[in-house]
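Undergrad: Structure incoming, see below.
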Amino acid sequence: SSLNISGSAFYGDGANLTNIPAAAVGAAGGDRQIQFNDSGDLGASANLIVRSSGDVVVTGSLILTGSGQSLITLDTRDADNLKEIVFNKDGSPAAAIQINSAEHMFIENENAKDIILRTNNQNTIRVFGANQRVGIAKTGTSGNAVLDVNGSTTISGSFTVSGSSTIGFNAFHTATVAGQLTASLGVTLGENSFIASDKNIVFGSSGESVIQYNSGISKMVISGSSSGMEIKGHAV
């Protein structure tokens with residue numbers, strides 16, 4: 001059954017009211033602001049909105065907490081050509097972290113600025129954007145070579161240099177080669193370059209001639225090829 005009730009005002013907690021259209025409930029805040037519980041009432045903030053495109057826009061800091069291993073998960077599909085996290089500068093893309101369909105990961109700077117990996121508040125690795133050079137433990141904002149290492153370097157395996165290479169820019173810089181050093185175009189040695197005792201400087205593709213300081217006899221040994229040795233010079 002039903003009946004009509006009229007009056008100037010009705011009071012109650014509204015617990016049993018039904019079929020009330022959403023338009024009849026006033027929303028907090030402005031258009032597209034997300035509604036949330038604010039001490040039992042509807043609340044909203046201009047710093048938390050949803051665009052018509054579906055984007056959620058947060059103005060201010062975003063704090064994520066939880067006990068799960070992954071706090072942020074980005075789902076991609078094999079059909080996706082590229083998924084990225086973009087960093088805008090004044091509204092324009094400045095840098096991005098990307099993964100492509102081949103599952104390669106990219107850290108990209110959109111302009112000629114550097115990419116820096118820091119440890120212990122120091123610039124451990126710096127990729128120079130202006131000339132595509134890499135600096136390791138390097139001070140300054142420019143690289144002297146494609147690979148510029150400031151400090152001691154240990155290479156336990158093979159080391160191949162396709163272009164020019166300089167080891168040490170100053171007189172106090174030293175380099176030690178424990179294994180074999182091969183240079184097809186020759187080697188230019190600076191001042192005070194040392195060869196350890198009983199080690200050879202080898203000449204010829206098959207090691208036909210050698211020069212060595214022999215510690216056993218305390219003498220310098222020059223060994224020519226099987227066809228002999230010839231010394232030339234204006235004053236010889």
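Ordered as shown in the structure tokens, chains take letters A, B, and onward, while each chain numbers its residues from 1 and ligands are numbered from 1 in the order shown.
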Need the shell around Ala137 in chain A: protein/DNA/RNA residues with any atom at most 10 Å away, counting only C-alpha atoms. Skip same-chain ones fewer than 2 positions apart. Format as a ChimeraX atom specification?

TA: /A:118,122-126,135,139,148-151

Undergrad: Residues at most 12 Å from Leu74 in chain A, counting only C-alpha atoms, excluding those fewer than 5 positions away in the same chain, as JSON, numbers by chain?

TA: {"A": [83, 84, 85, 97, 98, 99]}

Undergrad: Save the residues we just selected, N, CA and C atoms, as a short mmCIF file (atom, residue, chain, number, x, y, z; two decimals), in the first residue's frame?

TA:
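Contents of out-v3.cif, as written:
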data_model
loop_
_atom_site.label_atom_id
_atom_site.label_comp_id
_atom_site.auth_asym_id
_atom_site.auth_seq_id
_atom_site.Cartn_x
_atom_site.Cartn_y
_atom_site.Cartn_z
N LYS A 83 55.88 0.61 -24.35
CA LYS A 83 55.25 1.13 -23.14
C LYS A 83 56.30 1.92 -22.39
N GLU A 84 55.92 3.07 -21.87
CA GLU A 84 56.93 3.90 -21.25
C GLU A 84 56.37 4.72 -20.11
N ILE A 85 57.28 5.06 -19.21
CA ILE A 85 57.01 6.06 -18.18
C ILE A 85 57.69 7.34 -18.65
N ILE A 97 61.43 6.01 -19.42
CA ILE A 97 61.86 4.62 -19.19
C ILE A 97 60.92 3.75 -19.99
N GLN A 98 61.46 2.91 -20.88
CA GLN A 98 60.63 2.22 -21.86
C GLN A 98 60.94 0.73 -21.90
N ILE A 99 59.97 -0.05 -22.37
CA ILE A 99 60.17 -1.44 -22.73
C ILE A 99 59.44 -1.67 -24.04
#

Undergrad: Between A:Lys138, A:Ala183, A:Asn200, A:Thr59, which is the closest to Leu117 in chain A once you count only C-alpha atoms?

TA: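 Checking each of A:Lys138, A:Ala183, A:Asn200, A:Thr59 against Leu117 in chain A, counting only C-alpha atoms, the winner is A:Lys138.
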
Undergrad: Can you tell me which residues surround range 26-37 of chain A at a distance of at most 7 Å, considering only C-alpha atoms, apart from same-chain residues fewer than 4 positions away, and format the answer as a PyMOL selection string?

TA: chain A and resi 41-46+48-51

Undergrad: Do you know which residues are at most 9 Å from Ile211 in chain A counting only C-alpha atoms, after dropping those on the same chain fewer than 6 positions away, and could you put them as an NGL selection string?

TA: :A and (199-203 or 220-224)

Undergrad: Fewer than 2 positions away in the same chain doesn't count, so skip those; otherwise give me all residues within 9 Å of Asn109 in chain A, counting only C-alpha atoms, as a list in words.

TA: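 Residues meeting the cut-off are Pro93, Ala94, Ala95, Ala96, Ile97, Ile107, Asn111, Ala112, Lys113, Asp114, Ile115 and Gly129 of chain A.
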
Undergrad: Could you check how far CA of Val127 in chain A sits from CA of Ser165 in chain A, in Å to one decimal?

TA: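 According to the coordinates, CA of Val127 in chain A and CA of Ser165 in chain A are separated by 18.7 Å.
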